[in-house]
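Data first, discussion second: the structure below is written as structure tokens.
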Amino acid sequence: MFVGAHVSTAGGLEKAVERGQERGCESIQIFNQSPRMWRPTKYGDEDFAAFKEAMDDSKVEAVIIHAIYLINCATTDKDLRKKSRDTLTNALRIGDGIGAKGVVLHPGSTKGEALGPALKRAGKVIAASLKETDGCKLLLEQTAGHKGLIGRNFDETAELIELSGGGDRLGLCLDSCHMFVQGYDVTDEEHLAAVLDEADEKIGIERLGAVHVNDAAAPLGSHLDRHANIGKGEMGRKGLAAFLSEPRFEGLPATMETPGPDKKGTSKAEVTLAKRLRREGLKRREK
Ligand SMILES: [Zn+2]
Ligand SMILES: [Zn+2]
């Protein structure tokens with residue numbers, strides 16, 4: 001497992017690697033453009049080369065991209081669907097450029113419309129974006145399940161993967177906080193193992209490409225997507241230690257998206273703490 005954090009790309013893609021290095025990250029997650037705007041940040045071959053060079057010179061082993069939240073592949077609005085497709089395609093193109101382990105996506109929202117047709121619309125957009133790009137994986141994130149956000153359970157994601165063509169580039173991202181507020185108690189080794197058995201049966205565990213490590217500011221089953229700092233939420237240190245030491249997460253980037261002690265994002269101290277909790281979790285499992 002590569003423990004790390006979401007970091008800013010302000011000043012250039014390679015700056016993200018620097019920020020990761022400063023925090024002791026083994027993996028980083030970035031936005032490929034401002035998450036509040038449709039306008040893409042223009043990155044070309046020189047940016048990709050600078051990023052890769054920075055990665056080679058650092059202890060950061062893996063990078064993932066988080067696609068922006070404005071994307072809604074399931075919308076009935078044709079114009080918004082087109083924007084979503086172009087934006088997703090661009091994220092995958094940058095993922096190919098920098099050698100990302102995947103682009104994490106919240107697939108979209110039903111916005112109160114019927115689920116079946118919404119999944120079909122989303123599947124078409126995703127399939128098109130994959131077709132327009134080379135090899136970067138697309139990791140569908142399990143969401144907190146609020147306000148019709150698709151990815152509320154493994155059946156929904158399994159169906160969406162099918163409708164998106166079912167290819168090898170389609171993967172899964174599990175967020176500890178989202179799983180917890182969905183009602184899955186992933187703070188317990190046995191429960192977590194059962195959750196992964198279900199993911200394996202419905203989706204295939206080989207599709208799991210990344211995890212997000214966040215404590216939850218809201219209770220189990222609340223469906224509220226509020227991340228807490230590591231050890232400061234409902235999951236707690238022991239609960240996150242179980243998540244961080246799960247054997248089936250071995251080899252995956254595990255990035256935090258916490259508010260941070262000063263609301264500036266995940267801190268170095270949190271990265272250090274997460275690594276320690278992982279070691280503690282592994283020790284507990286040996287017993
Ligand atoms: Zn997440
Ligand atoms: Zn979240």
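Residues are referred to by chain and number: the chain letter is A, B, ... according to the order shown in the structure tokens, the number counts from 1 in that chain, and ligands are numbered separately from 1 in the order shown.
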
**Request:** Please extract the residues at most 8 Å from ligand 2, counting only C-alpha atoms and all ligand atoms, and provide them as a list in words, using the chain letters and residue numbers of this document.
**Result:**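 The residues within 8 Å of ligand 2, counting only C-alpha atoms and all ligand atoms, are Thr143, Ala144, Asp175, Cys177, His178, Asp225, Arg226, His227 and Glu257 of chain A.
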
Using 10 Å as the limit and counting only C-alpha atoms and all ligand atoms, can you tabulate each residue of chain A that touches ligand 1, with its shortest atom-to-atom distance in Å and the two atoms involved, as JSON lines?
```
{"residue": "A:His6", "atom": "CA", "partner": "ligand 1", "partner_atom_place_in_ligand_line": "1 (Zn)", "distance": 9.7}
{"residue": "A:His66", "atom": "CA", "partner": "ligand 1", "partner_atom_place_in_ligand_line": "1 (Zn)", "distance": 8.5}
{"residue": "A:Val104", "atom": "CA", "partner": "ligand 1", "partner_atom_place_in_ligand_line": "1 (Zn)", "distance": 8.3}
{"residue": "A:Leu105", "atom": "CA", "partner": "ligand 1", "partner_atom_place_in_ligand_line": "1 (Zn)", "distance": 9.1}
{"residue": "A:His106", "atom": "CA", "partner": "ligand 1", "partner_atom_place_in_ligand_line": "1 (Zn)", "distance": 8.8}
{"residue": "A:Glu141", "atom": "CA", "partner": "ligand 1", "partner_atom_place_in_ligand_line": "1 (Zn)", "distance": 7.0}
{"residue": "A:Gln142", "atom": "CA", "partner": "ligand 1", "partner_atom_place_in_ligand_line": "1 (Zn)", "distance": 8.2}
{"residue": "A:Thr143", "atom": "CA", "partner": "ligand 1", "partner_atom_place_in_ligand_line": "1 (Zn)", "distance": 7.7}
{"residue": "A:Ala144", "atom": "CA", "partner": "ligand 1", "partner_atom_place_in_ligand_line": "1 (Zn)", "distance": 9.2}
{"residue": "A:Cys173", "atom": "CA", "partner": "ligand 1", "partner_atom_place_in_ligand_line": "1 (Zn)", "distance": 7.9}
{"residue": "A:Leu174", "atom": "CA", "partner": "ligand 1", "partner_atom_place_in_ligand_line": "1 (Zn)", "distance": 7.4}
{"residue": "A:Asp175", "atom": "CA", "partner": "ligand 1", "partner_atom_place_in_ligand_line": "1 (Zn)", "distance": 5.0}
{"residue": "A:Ser176", "atom": "CA", "partner": "ligand 1", "partner_atom_place_in_ligand_line": "1 (Zn)", "distance": 8.0}
{"residue": "A:Cys177", "atom": "CA", "partner": "ligand 1", "partner_atom_place_in_ligand_line": "1 (Zn)", "distance": 7.7}
{"residue": "A:His178", "atom": "CA", "partner": "ligand 1", "partner_atom_place_in_ligand_line": "1 (Zn)", "distance": 7.2}
{"residue": "A:Met179", "atom": "CA", "partner": "ligand 1", "partner_atom_place_in_ligand_line": "1 (Zn)", "distance": 9.9}
{"residue": "A:Ala210", "atom": "CA", "partner": "ligand 1", "partner_atom_place_in_ligand_line": "1 (Zn)", "distance": 9.8}
{"residue": "A:Val211", "atom": "CA", "partner": "ligand 1", "partner_atom_place_in_ligand_line": "1 (Zn)", "distance": 7.7}
{"residue": "A:His212", "atom": "CA", "partner": "ligand 1", "partner_atom_place_in_ligand_line": "1 (Zn)", "distance": 5.1}
{"residue": "A:Val213", "atom": "CA", "partner": "ligand 1", "partner_atom_place_in_ligand_line": "1 (Zn)", "distance": 7.6}
{"residue": "A:Asn214", "atom": "CA", "partner": "ligand 1", "partner_atom_place_in_ligand_line": "1 (Zn)", "distance": 7.7}
{"residue": "A:Asp225", "atom": "CA", "partner": "ligand 1", "partner_atom_place_in_ligand_line": "1 (Zn)", "distance": 9.3}
{"residue": "A:His227", "atom": "CA", "partner": "ligand 1", "partner_atom_place_in_ligand_line": "1 (Zn)", "distance": 8.8}
{"residue": "A:Thr255", "atom": "CA", "partner": "ligand 1", "partner_atom_place_in_ligand_line": "1 (Zn)", "distance": 8.4}
{"residue": "A:Met256", "atom": "CA", "partner": "ligand 1", "partner_atom_place_in_ligand_line": "1 (Zn)", "distance": 7.9}
{"residue": "A:Glu257", "atom": "CA", "partner": "ligand 1", "partner_atom_place_in_ligand_line": "1 (Zn)", "distance": 6.6}
{"residue": "A:Thr258", "atom": "CA", "partner": "ligand 1", "partner_atom_place_in_ligand_line": "1 (Zn)", "distance": 9.4}
```

Kindly assemble as a Markdown table a list of the stretch 10-33 of chain A residues that lie within 9 Å of stretch 46-51 of chain A, each paired with its nearest atom pair and their distance in Å to one decimal, using only C-alpha atoms, sorted first by chain and then by ascending residue number.
```
| residue | atom | partner | partner_atom | distance |
| --- | --- | --- | --- | --- |
| A:Gly12 | CA | A:Asp47 | CA | 7.6 |
| A:Leu13 | CA | A:Phe51 | CA | 5.9 |
| A:Glu14 | CA | A:Phe51 | CA | 4.3 |
| A:Lys15 | CA | A:Phe51 | CA | 8.1 |
| A:Ala16 | CA | A:Phe51 | CA | 8.5 |
| A:Val17 | CA | A:Phe51 | CA | 7.4 |
```

**Asked** For A:Gly108, which residue among A:Arg23, A:Lys42, A:His223, A:Arg85 is the nearest when counting only C-alpha atoms?
**Response**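 Of all the options, A:Arg85 lies closest to A:Gly108.
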
**Asked** Would you give me, as a VMD selection string, the residues in stretch 84-254 of chain A that DSSP reads as strand (DSSP E)?
**Response** chain A and resid 103 to 105 138 to 141 170 to 175 208 to 212 215 to 216 227 to 228 253 to 254

**Message:** To test your reading of the structure, identify every residue in stretch 12-232 of chain A that backbone DSSP assigns to alpha helix (DSSP H), and report it as a PyMOL selection string.
**Reply:** chain A and resi 13-22+45-56+78-98+115-131+154-163+176-182+189-202

**Prompt:** Could you state the separation of atom CA of A:Val63 and atom CA of A:Gly102 in Å, given to one decimal place?
**Reply:** 7.9 Å

**Message:** Please determine, counting only C-alpha atoms, which residue among A:Ile230, A:Asp86, A:Phe243, A:Lys52 has the shortest atom-to-atom distance to A:Glu190.
**Reply:** A:Phe243

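Comparing the minimum interatomic distances between A:Gly24 and each of A:Asp200, A:Glu250, A:Glu159, A:Glu61, counting only C-alpha atoms, we find that A:Glu61 sits nearest.
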
**Message:** Set the distance at 12 Å and use only C-alpha atoms: which residues neighbour A:Glu162 once local chain neighbours fewer than 6 positions away are removed? I'd like the list as a ChimeraX atom specification.
**Reply:** /A:119-120,122-124,126-127,155-156,168,170-171,202-203

**Request:** Compile the contact shell of A:Met235 as a PyMOL selection string: residues with an atom at most 8 Å away, counting only C-alpha atoms, same-chain residues fewer than 2 positions apart removed.
**Result:** chain A and resi 180+187+215-216+231-233+237-240

Writing out the chosen residues with C-alpha atoms as a short mmCIF file (atom, residue, chain, number, x, y, z; two decimals), in the first residue's frame:
```cif
data_model
loop_
_atom_site.label_atom_id
_atom_site.label_comp_id
_atom_site.auth_asym_id
_atom_site.auth_seq_id
_atom_site.Cartn_x
_atom_site.Cartn_y
_atom_site.Cartn_z
CA PHE A 180 -18.90 3.82 6.53
CA THR A 187 -13.72 -0.28 10.91
CA ASP A 215 -12.28 9.44 8.85
CA ALA A 216 -16.02 10.12 8.92
CA GLY A 231 -8.53 9.52 14.11
CA LYS A 232 -10.79 12.48 14.84
CA GLY A 233 -14.05 11.11 13.50
CA ARG A 237 -7.70 5.36 15.02
CA LYS A 238 -8.40 1.69 15.62
CA GLY A 239 -11.04 1.59 12.91
CA LEU A 240 -8.76 3.20 10.36
#
```

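The closest residue to A:Thr266, picked from A:Ser84, A:Ser222, A:Ser245, A:Ser8 and counting only C-alpha atoms, is A:Ser8.
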
**Message:** Ranking A:Val103, A:Gln182, A:Ala199, A:His191 by minimum distance to A:Arg152 and counting only C-alpha atoms, which one comes first?
**Reply:**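 Smallest separation from A:Arg152 among the options: A:Gln182.
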
**Message:** To one decimal place in Å, what is the distance between atom CA of A:Leu220 and atom CA of A:Val181?
**Reply:**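 A separation of 4.7 Å between them.
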